[in-house]
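Data first, discussion second: the structure below is written as structure tokens.
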Amino acid sequence: MNDALDVAVRLLLVFVAFLVLPLVVGQTEHKVMAHMQGRLGPMYAGGFHGWAQLVADGVKFAQKEDVVPKDADRRVFQLAPAVALLPYLLVLVAIPVAPGSVGAVVDAGIFFALAVMGVGVLGSLMAGWASANKFSLLGGLRTAAQLLAYELPMLLAAASVAMAAGTVSLTGVLDAFEWWWVPWQIVGALVFFVAGLAELQRPPFDMPVADSEIIFGAYTEYTGLRFALFLLAEYAGIVVLCGLTTVLFLGGWHGPWGADGLGWVWTLLKTAALAFVVIWLRVSYPRLREDQLQKLAWTTLVPLALAQIALTGIVKVAIS
Amino acid sequence: MRAPTVIAADHFDTYSVVGLLAVVGVLFVAVAFGAGRLLRPVVPTPEKLLTYECGVDPVGEGWAHTQVRYYVYAFLYVIFAVDSVFLFPWATVFAAPGYGATTLVEMFVFLGFLAVGLLYAYKKGVLTWA
């Protein structure tokens, strides 16, 4: 009985985090982008600095008509947003927040996270294909091309951490963590984070949804709630990517002080700082071309990740 | 005999929690779609159901012929990714006592193969836009 309650509480917390954190990131993005561009951003909804803007957006989305184009592959079109969104919920359960505080201790955590995150991309591909729209098809193809570019460097960078920790469990990585891992794995961290941005189709890697070229890529034909779920998937993706980078490369719940009781604060702070960087990059960088991403991935990220693996291997054998 | 059974049970316990969360997620989406159906208007017109093509009538089919220029990357990716998956089981044991130097040499052989493959692809010019 106690176990069942324990599981229920954990699942509830994960689910609430999944619904709340993406909105917090979204609202932060509104505000940070606005201030970086010399604007105020939303100020009206909810009174205080427009805090309820995204709630209002949600209400608006829920009331909009749900149009499925006549030529579209109806079932696949309607399912795509769910396929894009749910994997991030599942990854969130495996991310440890504090010692003992994790939705579920998945023993092959790194593997699980990378595998399940990959499923989310299927949602974009399904949307791109099922819409029967030329812009959507181009967006879907770009999504597929992007997958080929970032998945390998991401995998290699994660493998480097697995080598350092001698385990593929996320909690195991944190148990083995020492502060000097941060400089040791910094190249891998950069590769992982950049590759993650490409997976999330965030600027400067947002060519699959490039609004000035192909309307909105795979999401062109979507309206209302289904479109909102795609947006939610993007922001949930930011939370998951930043959380994973925190756990793998920045020591998660470890901090210079107060790591015993305040571990979760460290995790949240690091995740929030990374989310800020994600927003910052959106404001600062122009969009790359699809082939420029391929070039970046194959001639820069993959060699860097391989070099990181070599470094990790040498240091690890030298100290053991 | 007893201990491994317990470990196996624990193993599936974790994934049953993950499975339970998946059920919660599916319910969430189903409820959202169901509630959306109750809240939103349904007023379809032929124009609304037309494929969007910047306001003019769509030309030809949506599933149009496109030149997929990325297929060479796809080959490269499959080869490299399959290789890289084998890194993970190796990564957990390579520094275990008694392995050290041998596995390190193995690692450089592995990295060497990958690097030569990448260099070959680079020299062949497949990594630049054709």
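By order of appearance in the structure tokens: chains A, B, ..., then residues from 1 within every chain, and ligands from 1 in the order shown.
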
Next on the checklist: Please return, as number ranges by chain, all residues of stretch 14-130 of chain B that DSSP assigns to alpha helix (DSSP H) on the basis of the backbone.
Outcome noted: B: 14-39, 71-85, 87-93, 100-124

Item to check | chain B contacts to chain A at 7 Å (only C-alpha atoms) as an MDAnalysis selection string | outcome: chainID B and resid 14 17:18 21:22 25 29 36 39:42 49:52 62:64 70 73:74 77 81 84 87:88 91:93 95 100 104 111 127:129

Item to check | Contacts of A:Trp179 at 12 Å (only C-alpha atoms; same-chain gap of 6+ positions) as a PyMOL selection string | outcome: chain A and resi 185-186+249-256

Write the residues of the selection above to a file with C-alpha atoms, as a short mmCIF file (atom, residue, chain, number, x, y, z; two decimals), in the first residue's frame.
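Resulting contents of result.cif:
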data_model
loop_
_atom_site.label_atom_id
_atom_site.label_comp_id
_atom_site.auth_asym_id
_atom_site.auth_seq_id
_atom_site.Cartn_x
_atom_site.Cartn_y
_atom_site.Cartn_z
CA GLN A 185 33.90 16.72 -19.84
CA ILE A 186 33.33 20.30 -20.97
CA PHE A 249 27.74 17.12 -17.29
CA LEU A 250 27.11 19.66 -14.54
CA GLY A 251 26.80 17.40 -11.51
CA GLY A 252 23.03 17.60 -11.00
CA TRP A 253 22.32 17.87 -7.29
CA HIS A 254 25.97 18.47 -6.33
CA GLY A 255 26.83 22.05 -5.43
CA PRO A 256 29.58 23.94 -3.61
#

Checklist entry - Taking into account only C-alpha atoms, which residue in the set A:Gly41, A:Gly139, A:Gly243, A:Gly172 is nearest to A:Glu213? => result A:Gly139
